>>> print(open('upload_23.csv').read())   # CSV, C-alpha atoms
chain,number,residue,atom,x,y,z
A,1,MET,CA,0.0,0.0,0.0
A,2,GLY,CA,1.3,3.5,-0.8
A,3,LEU,CA,0.3,7.0,-2.0
A,4,THR,CA,1.2,8.3,-5.4
A,5,PRO,CA,3.0,11.7,-5.2
A,6,GLU,CA,0.8,13.3,-7.9
A,7,THR,CA,-2.7,12.6,-6.8
A,8,GLY,CA,-2.4,11.0,-3.3
A,9,ALA,CA,-4.4,8.0,-4.5
A,10,THR,CA,-3.9,4.7,-2.7
A,11,THR,CA,-2.1,2.0,-4.7
A,12,ARG,CA,-1.6,-1.7,-3.8
A,13,ARG,CA,1.8,-3.1,-4.2
A,14,PRO,CA,2.0,-6.7,-5.6
A,15,SER,CA,3.1,-9.3,-3.1
A,16,ALA,CA,6.1,-11.4,-3.8
A,17,PRO,CA,5.4,-14.8,-5.3
A,18,GLY,CA,4.9,-17.6,-2.8
A,19,THR,CA,4.2,-15.2,0.1
A,20,GLY,CA,0.4,-15.0,0.0
A,21,PRO,CA,-1.9,-16.4,2.7
A,22,GLY,CA,-2.6,-19.6,0.6
A,23,ALA,CA,1.0,-20.2,-0.5
A,24,PRO,CA,2.8,-23.4,0.5
A,25,PRO,CA,5.5,-23.1,3.2
A,26,GLY,CA,9.0,-22.4,1.9
A,27,PRO,CA,12.1,-24.3,2.6
A,28,GLY,CA,13.2,-22.2,5.5
A,29,ASP,CA,9.7,-22.0,7.1
A,30,PRO,CA,9.0,-24.0,10.4
A,31,PRO,CA,6.8,-27.0,9.9
A,32,SER,CA,3.1,-26.7,10.9
A,33,LEU,CA,2.5,-27.7,14.5
A,34,THR,CA,-0.6,-29.5,15.9
A,35,VAL,CA,-1.9,-27.9,19.1
A,36,VAL,CA,-3.0,-30.5,21.7
A,37,PRO,CA,-5.0,-29.2,24.7
A,38,VAL,CA,-3.8,-30.1,28.2
A,39,ARG,CA,-5.3,-33.3,29.6
A,40,HIS,CA,-6.4,-32.8,33.2
A,41,TYR,CA,-6.8,-36.5,34.2
A,42,ALA,CA,-6.6,-35.9,38.0
A,43,ARG,CA,-9.3,-33.3,37.7
A,44,TRP,CA,-11.6,-35.6,35.7
A,45,VAL,CA,-11.1,-38.4,38.2
A,46,ALA,CA,-11.9,-36.1,41.2
A,47,ALA,CA,-15.0,-34.7,39.4
A,48,THR,CA,-16.2,-38.2,38.6
A,49,ALA,CA,-15.7,-39.3,42.2
A,50,VAL,CA,-17.6,-36.3,43.6
A,51,ILE,CA,-20.5,-36.9,41.1
A,52,VAL,CA,-20.8,-40.5,42.2
A,53,LEU,CA,-20.8,-39.6,45.9
A,54,VAL,CA,-23.5,-36.9,45.3
A,55,ALA,CA,-25.6,-39.4,43.3
A,56,GLN,CA,-25.3,-42.0,46.1
A,57,PHE,CA,-26.3,-39.4,48.7
A,58,ALA,CA,-29.3,-38.3,46.6
A,59,HIS,CA,-30.3,-41.9,46.0
A,60,GLY,CA,-30.2,-42.6,49.7
A,61,LEU,CA,-32.4,-39.5,50.4
A,62,ALA,CA,-34.9,-40.7,47.9
A,63,THR,CA,-35.0,-44.4,48.7
A,64,ASN,CA,-34.2,-44.8,52.4
A,65,PRO,CA,-37.5,-45.2,54.3
A,66,VAL,CA,-35.9,-44.0,57.6
A,67,TRP,CA,-36.1,-40.3,56.4
A,68,GLU,CA,-40.0,-40.6,56.4
A,69,TRP,CA,-40.6,-37.8,53.9
A,70,GLY,CA,-44.3,-38.0,54.6
A,71,VAL,CA,-43.8,-37.0,58.2
A,72,PHE,CA,-41.4,-34.3,57.1
A,73,ARG,CA,-44.1,-32.8,54.8
A,74,GLU,CA,-46.6,-33.0,57.6
A,75,TYR,CA,-44.6,-31.0,60.1
A,76,VAL,CA,-42.4,-28.6,58.0
A,77,LEU,CA,-45.2,-26.0,57.6
A,78,SER,CA,-47.2,-26.9,60.7
A,79,GLU,CA,-48.5,-24.1,62.9
A,80,THR,CA,-46.3,-25.3,65.9
A,81,ILE,CA,-43.1,-25.2,63.8
A,82,VAL,CA,-43.9,-21.9,62.1
A,83,ARG,CA,-44.5,-20.3,65.5
A,84,ALA,CA,-41.2,-21.7,66.7
A,85,VAL,CA,-39.4,-20.3,63.7
A,86,TRP,CA,-40.9,-16.9,64.4
A,87,VAL,CA,-39.5,-17.0,68.0
A,88,THR,CA,-36.1,-18.0,66.6
A,89,LEU,CA,-36.1,-15.0,64.3
A,90,GLN,CA,-37.2,-12.6,67.1
A,91,LEU,CA,-34.3,-13.8,69.3
A,92,THR,CA,-31.9,-13.4,66.5
A,93,ALA,CA,-33.1,-9.9,65.5
A,94,TYR,CA,-33.1,-8.6,69.1
A,95,ALA,CA,-29.7,-10.0,69.9
A,96,THR,CA,-28.2,-8.8,66.6
A,97,VAL,CA,-29.3,-5.2,66.9
A,98,LEU,CA,-28.7,-4.8,70.6
A,99,GLY,CA,-25.4,-6.8,70.5
A,100,PHE,CA,-23.9,-4.8,67.6
A,101,LEU,CA,-25.0,-1.5,69.2
A,102,LEU,CA,-23.3,-2.3,72.5
A,103,GLY,CA,-20.4,-3.8,70.6
A,104,THR,CA,-19.9,-0.6,68.6
A,105,VAL,CA,-19.8,1.4,71.9
A,106,LEU,CA,-17.3,-1.1,73.4
A,107,ALA,CA,-15.1,-0.9,70.2
A,108,PHE,CA,-14.8,2.8,70.4
A,109,MET,CA,-14.1,2.6,74.2
A,110,ARG,CA,-11.2,0.3,73.4
A,111,LEU,CA,-10.0,2.8,70.7
A,112,SER,CA,-10.3,5.8,73.0
A,113,SER,CA,-7.3,7.5,74.8
A,114,SER,CA,-8.9,7.0,78.2
A,115,PRO,CA,-7.2,4.2,80.2
A,116,VAL,CA,-10.4,3.7,82.2
A,117,LEU,CA,-12.6,3.2,79.2
A,118,GLN,CA,-10.0,0.9,77.6
A,119,THR,CA,-9.7,-1.2,80.7
A,120,VAL,CA,-13.5,-1.5,81.2
A,121,ALA,CA,-14.0,-2.5,77.5
A,122,TRP,CA,-11.2,-5.0,77.5
A,123,THR,CA,-12.4,-6.6,80.7
A,124,TYR,CA,-15.9,-6.9,79.4
A,125,ILE,CA,-14.8,-8.6,76.2
A,126,TRP,CA,-12.4,-10.9,78.0
A,127,VAL,CA,-15.1,-12.0,80.5
A,128,PHE,CA,-17.9,-12.6,78.1
A,129,ARG,CA,-15.8,-14.3,75.5
A,130,SER,CA,-14.5,-16.7,78.2
A,131,ILE,CA,-17.9,-17.8,79.5
A,132,PRO,CA,-19.9,-20.2,77.3
A,133,MET,CA,-23.2,-19.0,76.1
A,134,ILE,CA,-25.2,-21.7,77.7
A,135,VAL,CA,-23.7,-20.8,81.1
A,136,GLN,CA,-24.6,-17.1,80.6
A,137,LEU,CA,-28.2,-18.1,79.7
A,138,VAL,CA,-28.6,-20.3,82.8
A,139,PHE,CA,-27.1,-17.5,84.9
A,140,TRP,CA,-29.6,-14.9,83.7
A,141,PHE,CA,-32.4,-17.3,83.9
A,142,ASN,CA,-31.7,-17.7,87.6
A,143,LEU,CA,-31.0,-14.0,88.3
A,144,SER,CA,-33.7,-13.8,90.9
A,145,ALA,CA,-31.8,-16.2,93.1
A,146,LEU,CA,-29.0,-13.6,93.3
A,147,TYR,CA,-31.1,-10.4,93.3
A,148,GLU,CA,-34.7,-10.9,94.4
A,149,ARG,CA,-35.6,-7.2,93.7
A,150,LEU,CA,-34.1,-4.6,91.3
A,151,GLY,CA,-34.5,-1.0,92.0
A,152,VAL,CA,-33.5,2.6,91.3
A,153,GLY,CA,-32.0,4.9,93.9
A,154,ILE,CA,-28.9,6.7,95.1
A,155,PRO,CA,-25.7,4.6,94.8
A,156,PHE,CA,-24.9,3.1,98.2
A,157,GLY,CA,-28.0,4.9,99.6
A,158,PRO,CA,-31.8,4.5,99.8
A,159,VAL,CA,-33.8,2.9,97.0
A,160,PHE,CA,-36.7,4.9,95.6
A,161,TRP,CA,-38.4,2.3,93.4
A,162,SER,CA,-38.0,-1.5,93.1
A,163,VAL,CA,-39.6,-4.4,91.4
A,164,ASP,CA,-39.4,-8.2,91.7
A,165,SER,CA,-36.8,-9.7,89.4
A,166,ASN,CA,-39.0,-12.4,88.0
A,167,ASN,CA,-41.6,-9.8,87.0
A,168,LEU,CA,-39.1,-7.5,85.4
A,169,ILE,CA,-37.1,-10.1,83.5
A,170,GLY,CA,-39.1,-13.0,82.1
A,171,THR,CA,-37.9,-16.0,80.2
A,172,ILE,CA,-37.6,-14.3,76.8
A,173,GLY,CA,-36.0,-11.2,78.5
A,174,ALA,CA,-33.4,-13.4,80.1
A,175,ALA,CA,-32.6,-15.1,76.8
A,176,VAL,CA,-32.3,-11.8,75.0
A,177,ILE,CA,-30.0,-10.3,77.7
A,178,GLY,CA,-27.8,-13.4,77.6
A,179,LEU,CA,-27.6,-13.5,73.8
A,180,THR,CA,-27.0,-9.7,73.6
A,181,LEU,CA,-24.2,-9.6,76.1
A,182,HIS,CA,-22.5,-12.6,74.6
A,183,GLN,CA,-22.8,-11.2,71.1
A,184,ALA,CA,-21.6,-7.7,72.1
A,185,ALA,CA,-18.2,-9.1,73.1
A,186,TYR,CA,-17.6,-10.5,69.6
A,187,ALA,CA,-19.2,-7.6,67.8
A,188,ALA,CA,-16.8,-5.2,69.6
A,189,GLU,CA,-13.8,-6.9,68.1
A,190,ILE,CA,-15.4,-7.1,64.7
A,191,VAL,CA,-16.1,-3.3,64.7
A,192,ARG,CA,-12.7,-2.5,66.1
A,193,GLY,CA,-11.0,-4.5,63.4
A,194,GLY,CA,-13.0,-2.6,60.7
A,195,VAL,CA,-12.2,0.8,62.1
A,196,ILE,CA,-8.5,0.0,62.3
A,197,ALA,CA,-8.6,-1.0,58.7
A,198,VAL,CA,-9.5,2.5,57.6
A,199,ASP,CA,-6.5,4.7,56.7
A,200,HIS,CA,-5.7,7.2,59.4
A,201,GLY,CA,-5.2,9.8,56.8
A,202,GLN,CA,-8.9,10.0,56.3
A,203,LEU,CA,-9.3,11.3,59.9
A,204,GLU,CA,-6.5,13.7,59.4
A,205,ALA,CA,-8.0,15.1,56.3
A,206,ALA,CA,-11.4,15.4,58.0
A,207,ALA,CA,-9.9,17.1,61.0
A,208,ALA,CA,-8.1,19.6,58.7
A,209,LEU,CA,-11.5,20.5,57.1
A,210,GLY,CA,-12.9,21.2,60.6
A,211,ILE,CA,-15.4,18.3,60.6
A,212,PRO,CA,-16.6,17.4,64.1
A,213,ARG,CA,-15.3,14.2,65.6
A,214,LEU,CA,-18.7,12.5,65.8
A,215,ARG,CA,-19.5,13.3,62.2
A,216,GLN,CA,-16.1,12.0,61.2
A,217,ILE,CA,-16.9,8.6,62.7
A,218,ARG,CA,-20.5,8.5,61.4
A,219,ARG,CA,-19.9,9.8,57.8
A,220,ILE,CA,-16.3,8.9,57.1
A,221,VAL,CA,-15.0,6.1,59.3
A,222,LEU,CA,-17.9,3.7,59.6
A,223,PRO,CA,-19.0,3.7,55.9
A,224,GLN,CA,-15.4,2.7,54.9
A,225,ALA,CA,-15.1,0.3,57.8
A,226,MET,CA,-18.3,-1.5,56.7
A,227,ARG,CA,-16.4,-3.2,53.9
A,228,ALA,CA,-14.2,-5.0,56.5
A,229,ILE,CA,-17.0,-5.4,59.1
A,230,LEU,CA,-19.7,-7.0,56.9
A,231,PRO,CA,-18.1,-10.4,56.0
A,232,THR,CA,-17.3,-11.2,59.6
A,233,ALA,CA,-20.5,-9.7,60.9
A,234,GLY,CA,-22.6,-11.7,58.5
A,235,ASN,CA,-20.8,-14.9,59.6
A,236,GLU,CA,-21.4,-14.0,63.2
A,237,ILE,CA,-25.1,-13.4,62.7
A,238,VAL,CA,-25.5,-16.7,61.0
A,239,GLY,CA,-23.7,-18.3,64.0
A,240,LEU,CA,-26.1,-16.4,66.3
A,241,LEU,CA,-29.1,-17.7,64.4
A,242,LYS,CA,-28.0,-21.3,65.0
A,243,GLY,CA,-26.8,-20.5,68.5
A,244,THR,CA,-30.3,-19.6,69.6
A,245,SER,CA,-30.9,-23.3,69.8
A,246,VAL,CA,-29.2,-23.4,73.1
A,247,VAL,CA,-32.1,-21.5,74.7
A,248,TYR,CA,-33.9,-24.8,74.9
A,249,VAL,CA,-32.4,-25.1,78.4
A,250,MET,CA,-34.7,-22.3,79.4
A,251,ALA,CA,-37.8,-24.1,77.9
A,252,ILE,CA,-38.4,-21.3,75.3
A,253,GLY,CA,-40.4,-22.5,72.4
A,254,GLU,CA,-37.9,-21.8,69.6
A,255,LEU,CA,-37.3,-24.1,66.7
A,256,PHE,CA,-35.1,-26.8,68.2
A,257,TYR,CA,-37.0,-26.9,71.4
A,258,GLN,CA,-40.4,-27.5,69.6
A,259,VAL,CA,-38.8,-30.1,67.4
A,260,GLN,CA,-37.6,-31.9,70.5
A,261,VAL,CA,-41.1,-31.7,72.0
A,262,VAL,CA,-42.8,-33.1,68.9
A,263,TYR,CA,-40.5,-36.0,68.4
A,264,GLY,CA,-40.6,-36.7,72.1
A,265,ARG,CA,-44.4,-37.3,71.7
A,266,ASN,CA,-44.4,-39.3,68.4
A,267,GLY,CA,-40.9,-40.8,68.3
A,268,ARG,CA,-40.2,-39.6,64.8
A,269,VAL,CA,-36.7,-38.3,65.5
A,270,ILE,CA,-35.1,-38.3,62.1
A,271,PRO,CA,-37.8,-36.6,60.1
A,272,LEU,CA,-38.3,-34.0,62.8
A,273,LEU,CA,-34.6,-33.2,62.9
A,274,LEU,CA,-34.7,-32.9,59.1
A,275,VAL,CA,-37.5,-30.3,59.6
A,276,ALA,CA,-35.3,-28.2,61.9
A,277,THR,CA,-32.3,-28.7,59.4
A,278,ALA,CA,-34.4,-27.5,56.5
A,279,TRP,CA,-35.6,-24.4,58.3
A,280,TYR,CA,-32.1,-23.5,59.5
A,281,VAL,CA,-30.8,-23.9,55.9
A,282,VAL,CA,-33.6,-21.6,54.5
A,283,LEU,CA,-33.0,-18.9,57.1
A,284,THR,CA,-29.2,-19.0,56.7
A,285,SER,CA,-29.6,-18.8,52.9
A,286,LEU,CA,-31.8,-15.7,53.3
A,287,LEU,CA,-29.2,-14.1,55.6
A,288,SER,CA,-26.4,-14.9,53.1
A,289,VAL,CA,-28.3,-13.2,50.3
A,290,GLY,CA,-28.8,-10.1,52.4
A,291,GLN,CA,-25.1,-10.1,53.3
A,292,TYR,CA,-24.2,-10.3,49.6
A,293,TYR,CA,-26.2,-7.3,48.6
A,294,MET,CA,-25.1,-5.3,51.6
A,295,GLU,CA,-21.4,-5.9,50.7
A,296,ARG,CA,-22.1,-4.8,47.1
A,297,ARG,CA,-23.7,-1.6,48.4
A,298,PHE,CA,-20.8,-0.6,50.7
A,299,ALA,CA,-18.2,-1.6,48.0
A,300,ARG,CA,-19.4,1.0,45.6
A,301,GLY,CA,-16.8,3.5,46.5
A,302,ALA,CA,-13.9,1.1,46.0
A,303,ASP,CA,-15.2,-1.1,43.2
A,304,ARG,CA,-16.4,1.0,40.3
A,305,THR,CA,-17.4,-2.0,38.1
A,306,PRO,CA,-18.7,-4.7,40.5
A,307,PRO,CA,-19.4,-8.1,39.1
A,308,PRO,CA,-22.9,-8.9,38.0
A,309,THR,CA,-25.3,-10.3,40.5
A,310,PRO,CA,-26.8,-13.8,39.9
A,311,VAL,CA,-30.0,-12.2,38.8
A,312,GLN,CA,-28.2,-10.1,36.3
A,313,ARG,CA,-26.3,-13.1,35.0
A,314,ALA,CA,-29.5,-15.0,34.6
A,315,ARG,CA,-31.1,-12.1,32.7
A,316,ARG,CA,-28.1,-11.9,30.4
A,317,PHE,CA,-28.2,-15.6,29.7
A,318,VAL,CA,-31.9,-15.5,28.9
A,319,ARG,CA,-31.3,-12.4,26.7
A,320,ALA,CA,-28.5,-14.2,24.8
A,321,LEU,CA,-30.7,-17.3,24.3
A,322,ARG,CA,-33.5,-15.1,22.9
A,323,THR,CA,-31.1,-13.2,20.6
A,324,GLY,CA,-29.6,-16.4,19.3
A,325,ALA,CA,-33.0,-17.9,18.6
A,326,ALA,CA,-34.1,-14.7,16.8
A,327,ARG,CA,-31.0,-14.8,14.6
A,328,ARG,CA,-31.7,-18.4,13.7
A,329,ASP,CA,-35.2,-17.5,12.7
A,330,GLN,CA,-34.2,-14.7,10.4
A,331,PRO,CA,-34.2,-15.6,6.7
A,332,VAL,CA,-30.9,-15.7,5.0
A,333,ILE,CA,-30.5,-13.1,2.2
A,334,PRO,CA,-28.2,-14.1,-0.6
A,335,HIS,CA,-25.3,-11.8,-1.2
A,336,GLN,CA,-25.5,-9.8,-4.4
A,337,PRO,CA,-22.4,-8.1,-5.8
A,338,LEU,CA,-22.6,-4.3,-6.2
A,339,ARG,CA,-22.8,-3.1,-9.8
A,340,GLU,CA,-20.1,-0.6,-10.8
A,341,SER,CA,-21.4,2.8,-11.6
A,342,ARG,CA,-20.5,4.3,-14.9
>>> encode(input="upload_23.csv", output="structure tokens")
Amino acid sequence: MGLTPETGATTRRPSAPGTGPGAPPGPGDPPSLTVVPVRHYARWVAATAVIVLVAQFAHGLATNPVWEWGVFREYVLSETIVRAVWVTLQLTAYATVLGFLLGTVLAFMRLSSSPVLQTVAWTYIWVFRSIPMIVQLVFWFNLSALYERLGVGIPFGPVFWSVDSNNLIGTIGAAVIGLTLHQAAYAAEIVRGGVIAVDHGQLEAAAALGIPRLRQIRRIVLPQAMRAILPTAGNEIVGLLKGTSVVYVMAIGELFYQVQVVYGRNGRVIPLLLVATAWYVVLTSLLSVGQYYMERRFARGADRTPPPTPVQRARRFVRALRTGAARRDQPVIPHQPLRESR
């Protein structure tokens, strides 16, 4: 290709003989090579073994009469089980909200420059992480044995108002207090780790602009710390959802306790345990979906092009199938060469 000096028109230079795209290889050219893909024999063997094991497990679920799927269908949506699921959700929600609120306060107490606040927060976290949850629940359930009445008054002085402990803190209240105090100790470390992950230069820049300290924490530190807090916090909430099963020692009608009551009456242990398992799987899956979208929301400032969500991928797949089908249905128009204009 080149330009003629007179008119600037493009001219095509003839190629040398034997150098075109369809020409045979010359004597100095390398021989043509056959590309062979890599054979992943170990991967194929492992995939086959996994498929066989999954098929065996699914076959056992479908054919083993011990599972008693009829009993499972009878109780999985029964009124007793649904009420127990609602109690489990209530305990999880109360303990999550109150636990993370108290944990956030404890986290900033540990990050403060006051040695008194640091010591109190560290001691609280140390104590409540050391005591098992079931011990704390039993302790709060028997609080009336330690304090018969709780009141308000002057410290080390007269009491102006008091009430019986059993009337003030019922069974559900004791469970919520125990779960909240236990959860706050772990939430404090989760929040503290997220705050530490934020670059200190952010606070210096905010202080240079004259932004108040509380607004710095609320508008600058916490939104950035949420990217580090959410994965661990979501895992902790899932653990709390399953951990509510320990309140059966307090005879609270949550999911696991009601399942125990039902199979204690009819003796159908395996299908009733399968009912509890199915509900825990469903609730955990819903929490995981919420965690996924929360992480995407707080990652907007760092990830400008987030990966598509499963729903978006499904829509693209359906759109691609429709487009391919539409193209196949279009008639093929034969190509006609253009006539040269005179």
>>> atom_distance(input="upload_23.csv", atom1="CA of Asp199 (chain A)", atom2="CA of Ala225 (chain A)")
9.7 Å
>>> residues_around(input="upload_23.csv", residues="Ser78 (chain A)", least_positions_apart="3", cutoff="12 Å", atoms="all atoms listed in the file", output="mmCIF file with C-alpha atoms, in the coordinates of the input")
data_model
loop_
_atom_site.group_PDB
_atom_site.id
_atom_site.type_symbol
_atom_site.label_atom_id
_atom_site.label_comp_id
_atom_site.auth_asym_id
_atom_site.auth_seq_id
_atom_site.Cartn_x
_atom_site.Cartn_y
_atom_site.Cartn_z
ATOM 1 C CA VAL A 71 -43.800 -37.000 58.200
ATOM 2 C CA PHE A 72 -41.400 -34.300 57.100
ATOM 3 C CA ARG A 73 -44.100 -32.800 54.800
ATOM 4 C CA GLU A 74 -46.600 -33.000 57.600
ATOM 5 C CA TYR A 75 -44.600 -31.000 60.100
ATOM 6 C CA ILE A 81 -43.100 -25.200 63.800
ATOM 7 C CA VAL A 82 -43.900 -21.900 62.100
ATOM 8 C CA ARG A 83 -44.500 -20.300 65.500
ATOM 9 C CA ALA A 84 -41.200 -21.700 66.700
ATOM 10 C CA VAL A 85 -39.400 -20.300 63.700
ATOM 11 C CA LEU A 255 -37.300 -24.100 66.700
ATOM 12 C CA GLN A 258 -40.400 -27.500 69.600
ATOM 13 C CA VAL A 259 -38.800 -30.100 67.400
ATOM 14 C CA VAL A 262 -42.800 -33.100 68.900
ATOM 15 C CA LEU A 272 -38.300 -34.000 62.800
ATOM 16 C CA VAL A 275 -37.500 -30.300 59.600
#
>>> residues_around(input="upload_23.csv", residues="region 194-198 of chain A", least_positions_apart="5", cutoff="10 Å", atoms="only C-alpha atoms", output="JSON, numbers by chain")
{"A": [107, 108, 111, 189, 203, 217, 220, 221, 222, 223, 224, 225, 226, 227, 228, 229, 230, 232]}
>>> closest_residue(input="upload_23.csv", among="A:Arg265, A:Arg213, A:Lys242, A:Arg322", to="Thr92 (chain A)", atoms="only C-alpha atoms")
A:Lys242
>>> atom_distance(input="upload_23.csv", atom1="CA of Trp279 (chain A)", atom2="CA of Val54 (chain A)")
21.7 Å
>>> residues_near_point(input="upload_23.csv", point="(-28.6, -2.9, 74.1)", cutoff="10 Å", atoms="all atoms listed in the file", output="list in words")
Tyr94, Ala95, Thr96, Val97, Leu98, Gly99, Phe100, Leu101, Leu102, Gly103, Val176, Ile177, Thr180, Leu181 and Ala184 of chain A
>>> write_last_selection(input="upload_23.csv", atoms="C-alpha atoms", output="PDB file, in the frame of the given file")
ATOM      1  CA  TYR A  94     -33.100  -8.600  69.100  1.00  0.00           C
ATOM      2  CA  ALA A  95     -29.700 -10.000  69.900  1.00  0.00           C
ATOM      3  CA  THR A  96     -28.200  -8.800  66.600  1.00  0.00           C
ATOM      4  CA  VAL A  97     -29.300  -5.200  66.900  1.00  0.00           C
ATOM      5  CA  LEU A  98     -28.700  -4.800  70.600  1.00  0.00           C
ATOM      6  CA  GLY A  99     -25.400  -6.800  70.500  1.00  0.00           C
ATOM      7  CA  PHE A 100     -23.900  -4.800  67.600  1.00  0.00           C
ATOM      8  CA  LEU A 101     -25.000  -1.500  69.200  1.00  0.00           C
ATOM      9  CA  LEU A 102     -23.300  -2.300  72.500  1.00  0.00           C
ATOM     10  CA  GLY A 103     -20.400  -3.800  70.600  1.00  0.00           C
ATOM     11  CA  VAL A 176     -32.300 -11.800  75.000  1.00  0.00           C
ATOM     12  CA  ILE A 177     -30.000 -10.300  77.700  1.00  0.00           C
ATOM     13  CA  THR A 180     -27.000  -9.700  73.600  1.00  0.00           C
ATOM     14  CA  LEU A 181     -24.200  -9.600  76.100  1.00  0.00           C
ATOM     15  CA  ALA A 184     -21.600  -7.700  72.100  1.00  0.00           C
TER      16      ALA A 184
END
>>> residues_around(input="upload_23.csv", residues="Arg149 (chain A)", least_positions_apart="2", cutoff="12 Å", atoms="all atoms listed in the file", output="PDB file with C-alpha atoms, keeping the file's coordinate frame")
ATOM      1  CA  LEU A 143     -31.000 -14.000  88.300  1.00  0.00           C
ATOM      2  CA  SER A 144     -33.700 -13.800  90.900  1.00  0.00           C
ATOM      3  CA  ALA A 145     -31.800 -16.200  93.100  1.00  0.00           C
ATOM      4  CA  LEU A 146     -29.000 -13.600  93.300  1.00  0.00           C
ATOM      5  CA  TYR A 147     -31.100 -10.400  93.300  1.00  0.00           C
ATOM      6  CA  GLY A 151     -34.500  -1.000  92.000  1.00  0.00           C
ATOM      7  CA  VAL A 152     -33.500   2.600  91.300  1.00  0.00           C
ATOM      8  CA  VAL A 159     -33.800   2.900  97.000  1.00  0.00           C
ATOM      9  CA  TRP A 161     -38.400   2.300  93.400  1.00  0.00           C
ATOM     10  CA  SER A 162     -38.000  -1.500  93.100  1.00  0.00           C
ATOM     11  CA  VAL A 163     -39.600  -4.400  91.400  1.00  0.00           C
ATOM     12  CA  ASP A 164     -39.400  -8.200  91.700  1.00  0.00           C
ATOM     13  CA  SER A 165     -36.800  -9.700  89.400  1.00  0.00           C
ATOM     14  CA  ASN A 166     -39.000 -12.400  88.000  1.00  0.00           C
ATOM     15  CA  ASN A 167     -41.600  -9.800  87.000  1.00  0.00           C
ATOM     16  CA  LEU A 168     -39.100  -7.500  85.400  1.00  0.00           C
ATOM     17  CA  ILE A 169     -37.100 -10.100  83.500  1.00  0.00           C
TER      18      ILE A 169
END
>>> atom_distance(input="upload_23.csv", atom1="CA of Trp126 (chain A)", atom2="CA of Ser114 (chain A)")
18.2 Å
>>> closest_residue(input="upload_23.csv", among="A:Val311, A:Val135, A:Ala175, A:Ala185", to="Leu106 (chain A)", atoms="all atoms listed in the file")
A:Ala185
>>> closest_residue(input="upload_23.csv", among="A:Gln56, A:Gln90, A:Ser112, A:Gln183", to="Ile125 (chain A)", atoms="all atoms listed in the file")
A:Gln183
>>> build_atoms(input="upload_23.csv", residues="region 199-210 of chain A", atoms="N, CA and C atoms", output="compact mmCIF listing (two decimals), in the coordinates of the input")
# COMPACT_ATOMS: atom_id res chain seq x y z
N ASP A 199 -7.76 3.90 56.66
CA ASP A 199 -6.50 4.70 56.70
C ASP A 199 -6.65 5.87 57.62
N HIS A 200 -5.62 6.06 58.44
CA HIS A 200 -5.70 7.20 59.40
C HIS A 200 -5.64 8.52 58.71
N GLY A 201 -5.16 8.56 57.48
CA GLY A 201 -5.20 9.80 56.80
C GLY A 201 -6.55 10.37 56.49
N GLN A 202 -7.55 9.51 56.47
CA GLN A 202 -8.90 10.00 56.30
C GLN A 202 -9.35 10.87 57.48
N LEU A 203 -9.00 10.44 58.69
CA LEU A 203 -9.30 11.30 59.90
C LEU A 203 -8.53 12.55 59.87
N GLU A 204 -7.27 12.50 59.48
CA GLU A 204 -6.50 13.70 59.40
C GLU A 204 -7.02 14.71 58.44
N ALA A 205 -7.46 14.22 57.27
CA ALA A 205 -8.00 15.10 56.30
C ALA A 205 -9.36 15.72 56.78
N ALA A 206 -10.18 14.88 57.45
CA ALA A 206 -11.40 15.40 58.00
C ALA A 206 -11.21 16.41 59.09
N ALA A 207 -10.21 16.15 59.95
CA ALA A 207 -9.90 17.10 61.00
C ALA A 207 -9.38 18.42 60.42
N ALA A 208 -8.61 18.34 59.34
CA ALA A 208 -8.10 19.60 58.70
C ALA A 208 -9.23 20.40 58.10
N LEU A 209 -10.31 19.74 57.69
CA LEU A 209 -11.50 20.50 57.10
C LEU A 209 -12.40 20.99 58.23
N GLY A 210 -12.09 20.68 59.49
CA GLY A 210 -12.90 21.20 60.60
C GLY A 210 -14.18 20.36 60.83
